[in-house]
file final.txt (compact mmCIF, C-alpha atoms)
# COMPACT_ATOMS: atom_id res chain seq x y z
CA MET A 106 75.54 114.02 107.51
CA THR A 107 77.34 115.48 104.49
CA ALA A 108 77.87 112.96 101.69
CA ILE A 109 81.42 112.77 100.34
CA VAL A 110 82.71 111.00 97.25
CA GLY A 111 86.38 110.06 96.98
CA VAL A 112 87.88 109.62 93.52
CA HIS A 113 91.05 107.52 93.43
CA GLY A 114 94.25 108.12 91.50
CA VAL A 115 96.65 105.81 89.67
CA GLY A 116 97.58 102.31 90.73
CA HIS A 117 94.26 101.44 92.33
CA TYR A 118 93.14 98.78 89.87
CA ALA A 119 92.22 95.63 91.80
CA ALA A 120 92.45 92.78 89.30
CA GLY A 121 90.24 89.82 90.10
CA HIS A 122 88.02 91.73 92.51
CA SER A 123 84.49 92.88 91.80
CA PRO A 124 83.89 96.65 91.70
CA VAL A 125 81.35 96.26 94.52
CA ASP A 126 83.95 94.64 96.78
CA VAL A 127 86.57 97.24 95.87
CA VAL A 128 84.21 100.12 96.62
CA SER A 129 83.29 98.64 99.99
CA ALA A 130 86.88 98.03 101.09
CA ARG A 131 88.32 101.29 99.79
CA SER A 132 85.43 103.37 101.16
CA THR A 133 86.32 102.02 104.59
CA LEU A 134 90.01 102.88 104.14
CA TRP A 135 89.37 106.42 102.91
CA THR A 136 86.81 107.00 105.68
CA GLY A 137 89.30 105.87 108.33
CA ASP A 138 92.07 108.11 107.01
CA LEU A 139 89.82 111.13 106.67
CA ALA A 140 88.32 110.60 110.13
CA ALA A 141 91.80 110.30 111.64
CA GLY A 142 92.79 113.64 110.19
CA LEU A 143 89.58 115.28 111.41
CA GLY A 144 89.82 113.71 114.85
CA VAL A 145 86.35 112.18 114.67
CA ALA A 146 84.95 108.67 114.75
CA PRO A 147 84.67 107.02 111.30
CA GLU A 148 80.93 106.69 111.88
CA ARG A 149 80.66 110.45 111.52
CA ILE A 150 81.99 110.36 107.97
CA SER A 151 79.75 109.40 105.05
CA LEU A 152 82.16 108.66 102.20
CA THR A 153 81.69 106.61 99.05
CA TYR A 154 84.66 105.56 96.93
CA ALA A 155 84.24 106.16 93.20
CA TYR A 156 86.03 103.30 91.44
CA TYR A 157 86.76 103.74 87.74
CA ALA A 158 90.03 101.83 87.18
CA HIS A 159 88.25 98.68 86.01
CA HIS A 160 87.05 100.62 82.97
CA LEU A 161 90.62 101.58 82.06
CA HIS A 162 91.90 98.02 82.34
CA ARG A 163 88.98 96.13 80.82
CA ASP A 164 90.18 93.61 78.21
CA ARG A 165 93.81 94.58 78.83
CA PRO A 166 96.61 92.35 80.15
CA VAL A 167 97.55 92.73 83.80
CA ALA A 168 100.88 94.50 84.39
CA GLN A 169 103.77 92.08 84.89
CA GLY A 170 105.13 93.83 87.95
CA ALA A 171 106.15 97.20 89.34
CA ALA A 172 109.82 96.66 88.49
CA ASP A 173 108.96 96.50 84.78
CA ALA A 174 106.43 99.33 84.78
CA LEU A 175 108.57 101.88 82.92
CA GLU A 176 109.73 99.43 80.26
CA GLN A 177 106.21 98.08 79.85
CA LEU A 178 104.86 101.59 79.43
CA VAL A 179 107.26 102.31 76.56
CA ARG A 180 106.35 99.02 74.87
CA GLU A 181 102.59 99.49 75.16
CA HIS A 182 102.34 103.27 74.85
CA PRO A 183 105.40 104.67 73.06
CA GLU A 184 103.59 108.00 72.71
CA ALA A 185 103.80 108.34 76.52
CA VAL A 186 107.54 109.06 76.24
CA THR A 187 106.67 112.59 75.09
CA GLY A 188 104.48 113.03 78.15
CA ILE A 189 107.30 111.92 80.42
CA THR A 190 109.80 114.31 78.84
CA ASP A 191 107.30 117.19 79.14
CA TRP A 192 106.79 116.21 82.78
CA ALA A 193 110.55 116.13 83.43
CA GLU A 194 111.04 119.57 81.93
CA SER A 195 108.14 120.98 83.96
CA LEU A 196 109.49 119.35 87.09
CA ASP A 197 112.91 120.87 86.48
CA GLU A 198 111.35 124.29 85.92
CA SER A 199 109.15 124.04 89.02
CA LEU A 200 111.69 122.60 91.47
CA GLY A 201 114.98 123.79 89.98
CA LEU A 202 116.60 120.36 89.81
CA GLY A 203 119.30 121.30 87.32
CA LEU A 204 118.58 118.32 85.08
CA PRO A 205 120.67 117.67 81.97
CA ALA A 206 118.99 118.65 78.71
CA VAL A 207 115.94 116.40 78.40
CA THR A 208 115.33 116.78 74.69
CA ALA A 209 117.51 117.75 71.76
CA GLN A 210 116.20 118.34 68.23
CA GLY A 211 112.95 116.60 69.07
CA ARG A 212 114.61 113.48 70.51
CA LEU A 213 115.44 112.26 73.98
CA ALA A 214 118.84 113.58 74.96
CA VAL A 215 119.28 110.82 77.57
CA PRO A 216 117.70 107.37 77.87
CA LEU A 217 114.35 107.45 79.65
CA ARG A 218 115.48 105.12 82.44
CA GLN A 219 118.53 107.28 83.08
CA LEU A 220 116.44 110.45 83.06
CA VAL A 221 114.08 109.15 85.75
CA SER A 222 117.03 107.87 87.79
CA VAL A 223 118.65 111.32 87.72
CA ILE A 224 115.38 112.88 88.90
CA ALA A 225 115.19 110.39 91.76
CA GLU A 226 118.78 111.16 92.72
CA ARG A 227 118.18 114.92 92.69
CA LEU A 228 115.16 114.46 94.98
CA SER A 229 116.79 111.83 97.23
CA LEU A 230 114.21 109.24 96.23
CA ASP A 231 114.62 105.51 95.67
CA GLY A 232 115.46 105.10 91.98
CA ARG A 233 113.72 101.78 91.47
CA LEU A 234 110.52 102.88 93.17
CA THR A 235 110.51 106.18 91.30
CA ARG A 236 110.85 104.42 87.92
CA ALA A 237 108.04 102.05 88.90
CA PHE A 238 105.82 104.92 89.99
CA ILE A 239 106.41 106.98 86.84
CA GLY A 240 105.71 103.94 84.67
CA LEU A 241 102.50 103.26 86.56
CA PHE A 242 101.36 106.89 86.58
CA PHE A 243 101.87 107.54 82.88
CA ARG A 244 100.38 104.16 81.96
CA ASP A 245 97.10 105.06 83.66
CA VAL A 246 97.24 108.55 82.15
CA ALA A 247 97.69 107.00 78.70
CA LEU A 248 94.81 104.59 79.31
CA TYR A 249 92.46 107.39 80.35
CA LEU A 250 93.52 110.23 78.04
CA GLY A 251 94.09 108.14 74.92
CA GLN A 252 91.34 109.71 72.79
CA ARG A 253 88.90 112.52 73.61
CA ASP A 254 85.80 110.46 72.71
CA ASP A 255 87.20 107.04 73.64
CA ALA A 256 84.60 104.72 75.17
CA THR A 257 86.96 103.91 78.05
CA ARG A 258 87.35 107.57 78.96
CA ILE A 259 83.61 108.21 78.79
CA ALA A 260 82.84 105.12 80.87
CA ALA A 261 85.32 106.16 83.59
CA ARG A 262 84.05 109.71 83.94
CA ASP A 263 80.40 108.59 83.75
CA GLU A 264 81.11 106.11 86.54
CA VAL A 265 82.39 108.92 88.73
CA ALA A 266 79.44 111.14 87.83
CA ALA A 267 76.99 108.35 88.64
CA VAL A 268 78.53 107.82 92.08
CA ILE A 269 78.38 111.55 92.84
CA ALA A 270 74.71 111.62 91.78
CA SER A 271 73.64 108.47 93.62
CA ALA A 272 75.44 109.49 96.83
CA GLY A 273 73.99 112.98 96.69
CA ALA A 274 77.53 114.17 97.35
CA ARG A 275 78.14 117.74 98.40
CA VAL A 276 81.90 117.23 98.67
CA VAL A 277 84.20 115.54 96.14
CA ILE A 278 87.77 114.64 97.10
CA ALA A 279 89.79 113.71 94.02
CA HIS A 280 93.37 112.45 94.15
CA SER A 281 96.00 112.34 91.39
CA LEU A 282 94.55 111.18 88.05
CA GLY A 283 91.21 111.08 89.84
CA SER A 284 91.23 114.89 89.82
CA VAL A 285 91.33 114.75 86.02
CA VAL A 286 88.49 112.22 85.86
CA ALA A 287 86.39 114.17 88.38
CA TYR A 288 87.06 117.46 86.58
CA GLU A 289 85.88 116.00 83.28
CA ALA A 290 82.93 114.20 84.91
CA LEU A 291 81.66 117.42 86.49
CA HIS A 292 82.02 119.25 83.18
CA ALA A 293 80.26 116.46 81.26
CA HIS A 294 77.40 116.45 83.78
CA PRO A 295 76.61 120.09 84.55
CA GLU A 296 73.49 119.01 86.44
CA LEU A 297 75.77 117.87 89.27
CA GLU A 298 76.30 120.51 91.95
CA VAL A 299 78.83 120.17 94.75
CA ASP A 300 79.76 122.57 97.52
CA LEU A 301 83.45 121.63 97.47
CA LEU A 302 85.85 120.07 95.01
CA LEU A 303 89.11 119.23 96.80
CA THR A 304 91.89 118.12 94.47
CA LEU A 305 94.96 116.44 95.97
CA GLY A 306 98.29 115.94 94.20
CA SER A 307 96.64 116.97 90.96
CA PRO A 308 98.35 116.77 87.55
CA LEU A 309 95.61 118.87 85.89
CA GLY A 310 98.10 121.57 84.94
CA LEU A 311 100.74 119.23 83.48
CA PRO A 312 101.43 120.63 80.00
CA HIS A 313 100.80 118.53 76.91
CA GLY A 314 100.49 115.21 78.71
CA VAL A 315 97.36 116.22 80.63
CA PHE A 316 96.37 119.89 80.43
CA ASP A 317 96.22 120.19 76.65
CA ARG A 318 94.24 116.95 76.37
CA LEU A 319 91.48 117.89 78.79
CA SER A 320 87.81 117.94 77.86
CA PRO A 321 86.66 120.65 77.54
CA THR A 322 89.78 121.95 75.83
CA PRO A 323 91.44 124.84 77.70
CA VAL A 324 91.04 128.21 76.01
CA ASP A 325 94.07 130.48 75.62
CA GLY A 326 96.00 128.43 78.16
CA THR A 327 93.23 128.59 80.75
CA GLY A 328 91.21 125.69 82.13
CA GLN A 329 87.58 126.23 83.01
CA ARG A 330 86.02 125.52 86.41
CA PRO A 331 83.07 123.07 86.26
CA GLY A 332 79.89 125.12 86.52
CA GLY A 333 78.39 123.10 89.37
CA VAL A 334 81.39 123.53 91.69
CA ARG A 335 80.82 126.21 94.32
CA ARG A 336 84.31 126.08 95.85
CA TRP A 337 87.51 124.54 94.53
CA VAL A 338 90.52 123.95 96.76
CA ASN A 339 93.75 122.39 95.49
CA LEU A 340 96.42 120.91 97.75
CA CYS A 341 99.79 119.42 96.94
CA ASP A 342 102.80 118.27 98.92
CA HIS A 343 106.04 120.24 98.48
CA GLY A 344 107.68 117.07 97.18
CA ASP A 345 104.84 115.78 95.00
CA ILE A 346 106.49 115.22 91.63
CA VAL A 347 103.15 114.85 89.82
CA ALA A 348 101.44 118.04 90.98
CA ILE A 349 103.22 120.41 88.61
CA PRO A 350 103.54 123.11 87.39
CA ARG A 351 102.75 125.24 90.40
CA PRO A 352 100.68 127.07 91.34
CA LEU A 353 97.70 125.38 89.68
CA LYS A 354 95.98 128.78 89.58
CA ARG A 355 98.30 129.75 86.75
CA ARG A 356 96.28 127.47 84.49
CA PHE A 357 93.02 127.38 86.48
CA PRO A 358 92.57 130.92 87.83
CA THR A 359 89.14 130.10 89.28
CA VAL A 360 90.64 127.77 91.90
CA ASP A 361 89.59 129.43 95.16
CA LEU A 362 92.53 128.26 97.27
CA ASP A 363 95.78 126.74 96.01
CA LEU A 364 97.86 125.27 98.84
CA VAL A 365 101.34 123.76 98.95
CA ASP A 366 102.17 122.07 102.25
CA SER A 367 104.51 119.50 103.77
CA ILE A 368 102.31 116.40 103.87
CA ALA A 369 104.60 113.35 103.83
CA PRO A 370 108.22 113.75 102.68
CA PHE A 371 108.71 110.06 101.87
CA ASP A 372 105.18 109.27 100.64
CA PHE A 373 104.88 112.34 98.45
CA HIS A 374 101.96 111.17 96.31
CA LYS A 375 100.08 108.57 98.34
CA VAL A 376 96.50 109.39 99.20
CA ALA A 377 96.50 108.30 102.87
CA PRO A 378 98.88 111.04 104.11
CA TYR A 379 96.87 113.63 102.19
CA LEU A 380 93.59 112.46 103.75
CA ARG A 381 95.14 112.44 107.24
CA SER A 382 96.70 115.89 106.88
CA ALA A 383 95.77 118.97 108.86
CA ALA A 384 95.30 120.89 105.61
CA VAL A 385 92.61 118.49 104.39
CA ALA A 386 90.92 118.49 107.79
CA ALA A 387 90.79 122.28 107.84
CA THR A 388 89.36 122.34 104.32
CA ILE A 389 86.75 119.64 104.86
CA ALA A 390 85.54 120.45 108.40
CA PRO A 391 83.42 123.53 107.52
CA PHE A 392 81.42 121.43 105.04
CA LEU A 393 80.62 118.65 107.49
CA GLY A 394 78.37 120.56 109.82
CA GLY A 395 81.03 120.68 112.54
CA GLY A 396 84.19 118.64 112.99
CA GLY A 397 85.98 118.54 116.24
CA SER A 398 86.88 115.70 118.50
CA SER A 399 84.87 112.51 118.76
CA SER A 400 84.89 112.68 122.54
call {"tool": "encode", "arguments": {"input": "final.txt", "output": "structure tokens"}}
result
Amino acid sequence: MTAIVGVHGVGHYAAGHSPVDVVSARSTLWTGDLAAGLGVAPERISLTYAYYAHHLHRDRPVAQGAADALEQLVREHPEAVTGITDWAESLDESLGLGLPAVTAQGRLAVPLRQLVSVIAERLSLDGRLTRAFIGLFFRDVALYLGQRDDATRIAARDEVAAVIASAGARVVIAHSLGSVVAYEALHAHPELEVDLLLTLGSPLGLPHGVFDRLSPTPVDGTGQRPGGVRRWVNLCDHGDIVAIPRPLKRRFPTVDLDLVDSIAPFDFHKVAPYLRSAAVAATIAPFLGGGGSSS
């Protein structure tokens, strides 16, 4: 049975729960979603959840609530505002939203809250939920990508590398920020070899806020494929506002297959719809020694 490791994205910190309990519960959830997409019994999937969020949040106060996520982000990480404006401009370029000028003479042209609300309106999304999501996403990005040699960042990527090694994983499925952590973990541990790296809703190419802060540093605008990865497939939903710019191959030309599909119009960045999708099933099945129905 092929060993799989799943690497989570943002918003998966489980305050007050032990990492062992989180890994057990989330491994079961990811296994069920992946098995549903493949049309097999969960018992035929061997998946281990790589949990790193506790490293990012160690010795930090717990967020006050999703409704305050954007305001809290600005208070705690004012430098993240630049990342959000870069994201908004990339989103506008990628999706043609016709946003008002985001920056003017190095300053925000519109208040951050208003900017995110306009984006939500252009994409027919709930404004409050979109502000909460963006606050949450860029908070976790700031916590992970704060400094290149930060102990938190090293601990998170080493955690992921250790899970891949201990599981003997041949397949790594990395979602959202988890694709960044997995990418850096595989680079930092070249002894790890996997047959497939599947990145879902990945922000790896996001200029300035993510791409230019990667380790190893991209060279001449090009990111390098981890040496131990035999095949790299990237998948994003048409409406995923994090997985930009597109295609990812523009910045990572060694991606073998770069797919954009309609996964879940109203859950554009959640991991469950990705794992249950036909695109993921088609990508994963050849590496599992046969997929097919459980009957």
call {"tool": "closest_residue", "arguments": {"input": "final.txt", "among": "A:Asp263, A:Glu184, A:Asp366, A:Glu176", "to": "A:Ala348", "atoms": "all atoms listed in the file"}}
result
A:Asp366
call {"tool": "residues_near_point", "arguments": {"input": "final.txt", "point": "(92.4, 112.6, 90.5)", "cutoff": "9 Å", "atoms": "only C-alpha atoms", "output": "number ranges by chain"}}
result
A: 112-115, 278-288, 304-309
call {"tool": "residues_around", "arguments": {"input": "final.txt", "residues": "A:Glu148", "least_positions_apart": "4", "cutoff": "10 Å", "atoms": "all atoms listed in the file", "output": "list in words"}}
result
Thr136, Gly137, Ala140, Leu152 and Ser399 of chain A
call {"tool": "atom_distance", "arguments": {"input": "final.txt", "atom1": "atom CA of A:Ile389", "atom2": "atom CA of A:Gly333"}}
result
17.9 Å
call {"tool": "atom_distance", "arguments": {"input": "final.txt", "atom1": "atom CA of A:Leu303", "atom2": "atom CA of A:Leu364"}}
result
10.8 Å
call {"tool": "closest_residue", "arguments": {"input": "final.txt", "among": "A:Met106, A:Ala237, A:Val127, A:Leu202", "to": "A:Gly394", "atoms": "only C-alpha atoms"}}
result
A:Met106
call {"tool": "atom_distance", "arguments": {"input": "final.txt", "atom1": "atom CA of A:Ala267", "atom2": "atom CA of A:Thr153"}}
result
11.6 Å
call {"tool": "axis_aligned_box", "arguments": {"input": "final.txt", "around": "stretch 177-184 of chain A", "padding_each_side": "3 Å", "output": "lines of an AutoDock Vina configuration file"}}
result
center_x = 104.8
center_y = 103.0
center_z = 76.3
size_x = 10.9
size_y = 15.9
size_z = 13.1
call {"tool": "residues_around", "arguments": {"input": "final.txt", "residues": "A:Leu196", "least_positions_apart": "3", "cutoff": "8 Å", "atoms": "all atoms listed in the file", "output": "VMD selection string"}}
result
chain A and resid 192 to 193 199 to 202 346 349 to 350
call {"tool": "residues_around", "arguments": {"input": "final.txt", "residues": "stretch 220-226 of chain A", "least_positions_apart": "6", "cutoff": "7 Å", "atoms": "only C-alpha atoms", "output": "PyMOL selection string"}}
result
chain A and resi 232+235-236
call {"tool": "closest_residue", "arguments": {"input": "final.txt", "among": "A:Val376, A:Ala174, A:Leu248, A:Ala155", "to": "A:Ala130", "atoms": "only C-alpha atoms"}}
result
A:Ala155
call {"tool": "closest_residue", "arguments": {"input": "final.txt", "among": "A:Pro391, A:Pro124, A:Gly203, A:Gly111", "to": "A:Asp300", "atoms": "only C-alpha atoms"}}
result
A:Pro391
call {"tool": "closest_residue", "arguments": {"input": "final.txt", "among": "A:Leu291, A:Arg253, A:Leu228, A:Gln177", "to": "A:Thr322", "atoms": "only C-alpha atoms"}}
result
A:Arg253
call {"tool": "residues_around", "arguments": {"input": "final.txt", "residues": "A:Ala119", "least_positions_apart": "2", "cutoff": "12 Å", "atoms": "all atoms listed in the file", "output": "tab-separated table (two decimals) with C-alpha atoms, in the frame of the given file"}}
result
chain	number	residue	atom	x	y	z
A	115	VAL	CA	96.65	105.81	89.67
A	116	GLY	CA	97.58	102.31	90.73
A	117	HIS	CA	94.26	101.44	92.33
A	121	GLY	CA	90.24	89.82	90.10
A	122	HIS	CA	88.02	91.73	92.51
A	123	SER	CA	84.49	92.88	91.80
A	124	PRO	CA	83.89	96.65	91.70
A	125	VAL	CA	81.35	96.26	94.52
A	126	ASP	CA	83.95	94.64	96.78
A	127	VAL	CA	86.57	97.24	95.87
A	128	VAL	CA	84.21	100.12	96.62
A	130	ALA	CA	86.88	98.03	101.09
A	131	ARG	CA	88.32	101.29	99.79
A	156	TYR	CA	86.03	103.30	91.44
A	157	TYR	CA	86.76	103.74	87.74
A	158	ALA	CA	90.03	101.83	87.18
A	159	HIS	CA	88.25	98.68	86.01
A	160	HIS	CA	87.05	100.62	82.97
A	161	LEU	CA	90.62	101.58	82.06
A	162	HIS	CA	91.90	98.02	82.34
A	163	ARG	CA	88.98	96.13	80.82
A	167	VAL	CA	97.55	92.73	83.80
A	168	ALA	CA	100.88	94.50	84.39
call {"tool": "closest_residue", "arguments": {"input": "final.txt", "among": "A:Leu175, A:Ala146, A:Ile259, A:Leu393", "to": "A:Arg233", "atoms": "all atoms listed in the file"}}
result
A:Leu175
call {"tool": "residues_around", "arguments": {"input": "final.txt", "residues": "A:Val246", "least_positions_apart": "4", "cutoff": "9 Å", "atoms": "all atoms listed in the file", "output": "list in words"}}
result
Val115, Ala185, Leu241, Phe242, Leu250, Gly251, Leu282, Gly314 and Val315 of chain A
